[in-house]
Every structure is written in structure tokens, then in C-alpha cells.
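As provided, target_12.txt (compact mmCIF, C-alpha atoms) reads as follows.
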```txt
# COMPACT_ATOMS: atom_id res chain seq x y z
CA MET A 296 -45.47 135.02 85.96
CA ALA A 297 -45.37 131.26 86.49
CA GLY A 298 -47.04 128.82 84.14
CA GLU A 299 -47.58 128.57 80.43
CA TYR A 300 -50.10 130.13 78.14
CA GLN A 301 -53.18 128.11 77.26
CA HIS A 302 -55.71 128.95 74.60
CA ILE A 303 -59.09 129.04 76.38
CA ARG A 304 -62.55 129.16 74.82
CA HIS A 305 -65.48 130.27 76.93
CA GLU A 306 -67.53 127.09 77.21
CA PHE A 307 -70.73 128.06 78.97
CA GLU A 308 -73.61 130.30 78.05
CA PRO A 309 -74.46 133.72 79.40
CA VAL A 310 -77.22 133.90 81.98
CA TYR A 311 -80.07 136.23 81.03
CA ASP A 312 -83.68 136.32 79.96
CA SER A 313 -86.11 138.78 78.42
CA ASN A 314 -86.43 140.58 81.78
CA SER A 315 -82.73 141.15 82.49
CA ARG A 316 -82.10 144.82 83.28
CA ILE A 317 -78.40 144.87 84.04
CA LEU A 318 -75.48 143.05 82.45
CA ILE A 319 -72.44 142.30 84.60
CA LEU A 320 -69.36 141.43 82.56
CA GLY A 321 -66.23 139.70 83.74
CA THR A 322 -63.16 139.01 81.64
CA LEU A 323 -63.05 135.22 81.26
CA PRO A 324 -63.97 132.46 83.72
CA SER A 325 -61.18 131.56 86.16
CA VAL A 326 -59.70 128.07 86.30
CA LYS A 327 -62.11 127.23 89.18
CA SER A 328 -65.09 128.65 87.28
CA ARG A 329 -64.14 126.65 84.18
CA GLU A 330 -63.94 123.49 86.33
CA GLN A 331 -67.43 124.19 87.70
CA GLN A 332 -68.78 125.40 84.35
CA PHE A 333 -70.28 128.50 85.92
CA TYR A 334 -69.46 132.09 86.75
CA TYR A 335 -67.46 133.19 89.79
CA GLY A 336 -66.71 129.68 91.02
CA HIS A 337 -63.58 130.43 93.03
CA PRO A 338 -64.56 130.04 96.71
CA GLN A 339 -62.81 133.31 97.63
CA ASN A 340 -64.44 135.35 94.88
CA ARG A 341 -66.87 137.71 96.56
CA PHE A 342 -69.29 138.10 93.64
CA TRP A 343 -72.10 135.98 95.12
CA LYS A 344 -71.59 137.44 98.62
CA VAL A 345 -71.74 140.99 97.27
CA LEU A 346 -74.91 140.41 95.25
CA GLY A 347 -76.51 138.38 98.01
CA ASN A 348 -75.82 141.09 100.59
CA LEU A 349 -77.05 143.87 98.30
CA CYS A 350 -80.27 141.96 97.65
CA ASN A 351 -80.74 141.14 101.37
CA LEU A 352 -80.68 137.39 100.84
CA ASP A 353 -81.06 135.16 103.88
CA LYS A 354 -78.87 132.57 102.16
CA ILE A 355 -76.19 133.13 99.51
CA PRO A 356 -76.87 130.90 96.49
CA GLU A 357 -74.50 127.95 96.31
CA THR A 358 -75.49 125.59 93.51
CA ILE A 359 -75.52 126.53 89.85
CA SER A 360 -79.32 126.23 89.73
CA GLU A 361 -79.66 128.50 92.80
CA LYS A 362 -77.29 131.04 91.25
CA LYS A 363 -79.16 131.05 87.93
CA ALA A 364 -82.52 131.39 89.67
CA PHE A 365 -81.18 134.26 91.77
CA LEU A 366 -79.77 136.13 88.74
CA LEU A 367 -82.98 135.77 86.75
CA ARG A 368 -85.17 136.64 89.74
CA TYR A 369 -83.27 139.91 90.18
CA HIS A 370 -83.09 140.63 86.43
CA ILE A 371 -79.29 140.33 86.33
CA ALA A 372 -77.52 139.08 83.22
CA VAL A 373 -73.97 137.72 83.56
CA TRP A 374 -71.42 137.08 80.86
CA ASP A 375 -67.83 137.79 79.97
CA VAL A 376 -66.15 140.14 77.52
CA ILE A 377 -63.90 137.40 76.12
CA ALA A 378 -65.04 134.46 73.98
CA GLU A 379 -61.50 133.09 73.73
CA CYS A 380 -57.93 134.12 74.42
CA ASP A 381 -54.51 132.97 75.52
CA ILE A 382 -54.04 133.14 79.30
CA ILE A 383 -51.80 131.81 82.04
CA GLY A 384 -54.02 130.17 84.67
CA SER A 385 -56.55 132.77 85.83
CA SER A 386 -54.27 135.78 85.49
CA ASP A 387 -56.13 138.64 83.80
CA SER A 388 -52.82 140.46 83.39
CA SER A 389 -51.58 137.67 81.10
CA ILE A 390 -54.52 137.83 78.66
CA LYS A 391 -53.54 138.13 75.00
CA ASN A 392 -54.90 137.22 71.54
CA VAL A 393 -58.46 138.15 72.53
CA VAL A 394 -61.53 137.14 70.57
CA PRO A 395 -64.38 139.17 72.08
CA ALA A 396 -67.76 137.71 72.97
CA ASP A 397 -70.68 138.87 70.85
CA LEU A 398 -72.72 140.90 73.32
CA THR A 399 -75.24 142.07 70.75
CA LYS A 400 -77.46 139.00 71.26
CA ILE A 401 -78.08 139.79 74.94
CA LEU A 402 -78.48 143.49 74.22
CA SER A 403 -81.06 142.81 71.52
CA GLU A 404 -83.03 140.22 73.50
CA ALA A 405 -83.08 141.82 76.96
CA PRO A 406 -83.96 145.35 78.11
CA ILE A 407 -80.49 145.96 79.56
CA GLN A 408 -80.43 149.40 81.15
CA THR A 409 -76.83 149.41 82.35
CA ILE A 410 -73.69 147.42 81.63
CA TYR A 411 -71.33 146.92 84.56
CA ALA A 412 -67.76 145.66 84.33
CA ASN A 413 -66.57 143.52 87.24
CA GLY A 414 -63.10 145.02 87.57
CA GLY A 415 -60.75 147.27 85.66
CA LYS A 416 -59.55 144.60 83.26
CA ALA A 417 -63.10 143.67 82.22
CA TRP A 418 -63.85 147.38 81.72
CA GLU A 419 -60.65 147.91 79.72
CA LEU A 420 -61.35 144.89 77.48
CA TYR A 421 -64.95 145.98 77.00
CA ARG A 422 -63.79 149.44 75.91
CA LYS A 423 -61.21 147.97 73.55
CA TYR A 424 -63.21 145.13 71.98
CA SER A 425 -66.95 145.64 72.54
CA TYR A 426 -67.78 149.33 72.94
CA GLU A 427 -67.73 150.07 69.22
CA ALA A 428 -70.10 147.17 68.48
CA THR A 429 -72.54 148.01 71.29
CA GLY A 430 -72.24 151.80 71.36
CA ARG A 431 -72.98 151.62 75.08
CA GLU A 432 -70.87 152.79 77.98
CA ALA A 433 -70.02 150.40 80.80
CA VAL A 434 -69.73 151.32 84.47
CA LYS A 435 -66.47 150.12 86.02
CA LEU A 436 -66.89 148.44 89.41
CA PRO A 437 -64.08 147.11 91.59
CA SER A 438 -63.31 143.46 90.99
CA THR A 439 -64.82 140.87 93.33
CA SER A 440 -61.80 138.64 92.68
CA PRO A 441 -59.72 137.51 95.65
CA ALA A 442 -56.77 139.09 93.81
CA ASN A 443 -58.34 142.48 94.61
CA ALA A 444 -57.23 142.38 98.24
CA ALA A 445 -57.36 146.19 98.54
CA PHE A 446 -61.17 145.95 98.67
CA ARG A 447 -62.66 144.29 101.73
CA LEU A 448 -66.27 143.11 101.49
CA GLU A 449 -67.67 146.28 103.11
CA ARG A 450 -65.90 148.49 100.57
CA LEU A 451 -67.08 146.31 97.68
CA LEU A 452 -70.66 146.57 98.95
CA GLU A 453 -70.38 150.35 99.09
CA GLU A 454 -69.12 150.56 95.49
CA TRP A 455 -71.43 147.89 94.07
CA LYS A 456 -74.64 149.33 95.58
CA VAL A 457 -74.94 151.47 92.42
CA ILE A 458 -76.47 148.40 90.71
CA LEU A 459 -79.51 148.62 92.99
CA LYS A 460 -80.94 151.51 90.98
CA ASP A 461 -81.52 149.10 88.10
CA ILE A 462 -82.64 146.07 90.09
CA SER A 463 -85.68 147.55 91.91
CA LEU A 464 -85.73 145.13 94.82
CA ASP A 465 -89.21 146.13 95.93
CA ILE A 466 -90.66 145.17 92.54
CA VAL A 467 -88.67 141.95 92.25
CA CYS A 468 -89.40 140.32 95.56
CA GLY A 469 -91.47 142.48 97.85
CA GLU A 470 -89.34 142.49 100.98
CA GLY A 471 -86.02 142.10 99.20
CA ARG A 472 -85.59 138.53 100.43
CA TYR A 473 -85.47 135.41 98.37
CA ASP A 474 -84.91 131.96 99.85
CA PHE A 475 -83.68 129.02 97.82
```
Here is the file; what I need is its structure written in the form of C-alpha cells.
Amino acid sequence: MAGEYQHIRHEFEPVYDSNSRILILGTLPSVKSREQQFYYGHPQNRFWKVLGNLCNLDKIPETISEKKAFLLRYHIAVWDVIAECDIIGSSDSSIKNVVPADLTKILSEAPIQTIYANGGKAWELYRKYSYEATGREAVKLPSTSPANAAFRLERLLEEWKVILKDISLDIVCGEGRYDF
């Protein structure tokens, strides 16, 4: 593994409100996401494409304000399992010295029905560091990261469609379309 360890603190807030029904957890923002100060900022990460396709968007949100509006409109909360850790670049496999994020605030302020982990590492870290505090299971979904090359977009969509049971597209936006 090339590079050196850096101690990284999560520097931006979770996205949620009092209507958020699902919580999608990543591990820690990537280098690109930290540069942009928002979730899933790497241009090859398929997170926004997956959610946009599942919600039948005409246009995938691009700006931070569009992404936040989209998440809140569809009652989706987004945060990460890790508050701080040592990591090499964006490599989840290098993560050590974890300080977990306090998820209890979101869970007490929003009617979260289901917690989803974006990838095996997020799920593993949730189980190790957060499950005892929350007492809630998390559903493991395949990672939308470009490092997860085994999953093409179509396969991700098939696996991620499980979130639709908690989003209720017909209630959120009538036709399931939302333009920015």
C-alpha cells in the first residue's frame, strides 16, 4: 500500500432532518469528498447515479445544494460510521485507530426505519463500533465506490432497490421525478 497514514477527522455534518426515514452510512469521506466537503464526491463513485436512477430523476444532482435537497426530499439521511481515524489516502482497507461517529443524535431526532451500510467495510465498522450503542441492525449493500469494480451500475441498482421500501416515492414526489 503506497502512501503514509494521516489522521483524518470528519469535518462536515450529516445530512438529515426530522423526516429522514433511512440512514445510509459510509466509512469516512474519500480524499475527493474531503476536498469538496460533501459525501461521495469522487466523480467515479456511483452513489448519486444509483440513488438518482432508483428515484427516477430526470437529472442527477450535481451541486452540494442539489444533493442536500434531493436527500431531504426523499427522506434519506447520510453520514459515516467514523468520526476520525488513521488512513492512507482513501483506502478503507488501511483504516485504523477508529473513533466512531455518534449516531444516536440522528436516531433520536429522525424516524429512521432502516440503516444501510454502503459497502462491506462500512457494515463491518458499524457492527464493531456502533451496533452496541444503537442496538439496531444495519443492512449491508454493495459499495458504490469505483474500487468495487465487480459491481456494474445495473447490478448495484438491483441490490440497492431494497431502499425503495422505506422511501415511498409516490408519497414523496407524486410521479417519482424531481427536477433541480
Polymer residues at most 12 Å from Asn392 (chain A), only C-alpha atoms, same-chain spacing of 4 or more positions, as an MDAnalysis selection string: chainID A and resid 300:304 377:382 420 424
Ref. answer, residues at most 6 Å from (-69.3, 137.8, 78.6) with only C-alpha atoms, as a list in words: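 Nearby residues: Leu320, Trp374, Asp375, Val376, Ile377 and Ala396 of chain A.
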Limited to C-alpha atoms, could you put the picked residues into a file as a short mmCIF file (atom, residue, chain, number, x, y, z; two decimals), keeping the file's coordinate frame?
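Heads up, here's the output in out.cif:
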```
data_model
loop_
_atom_site.label_atom_id
_atom_site.label_comp_id
_atom_site.auth_asym_id
_atom_site.auth_seq_id
_atom_site.Cartn_x
_atom_site.Cartn_y
_atom_site.Cartn_z
CA LEU A 320 -69.36 141.43 82.56
CA TRP A 374 -71.42 137.08 80.86
CA ASP A 375 -67.83 137.79 79.97
CA VAL A 376 -66.15 140.14 77.52
CA ILE A 377 -63.90 137.40 76.12
CA ALA A 396 -67.76 137.71 72.97
#
```
Test item: residues at most 9 Å from region 446-453 of chain A, all atoms listed in the file, excluding those fewer than 3 positions along its chain, as a PyMOL selection string: chain A and resi 341+344-346+348-349+436-439+443+456-457
Computed interatomic separation between CA of Ala444 (chain A) and CA of Ile355 (chain A) (Å):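 CA of Ile355 (chain A) lies 21.1 Å from CA of Ala444 (chain A).
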Residue among A:His337, A:Arg422, A:Arg431, A:His370 lying closest to Pro395 (chain A), counting all atoms listed in the file: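 Going through A:His337, A:Arg422, A:Arg431, A:His370 one by one, the smallest distance to Pro395 (chain A) is for A:Arg422.
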Within 8 Å of Ser325 (chain A) using only C-alpha atoms, minus same-chain residues under 2 positions, as number ranges by chain: A: 323, 327-329, 335-337, 384-385
Minimum-distance residue to Asp387 (chain A), chosen among A:Ser425, A:Leu402, A:Ser440, A:Gln408 (using all atoms listed in the file): A:Ser440
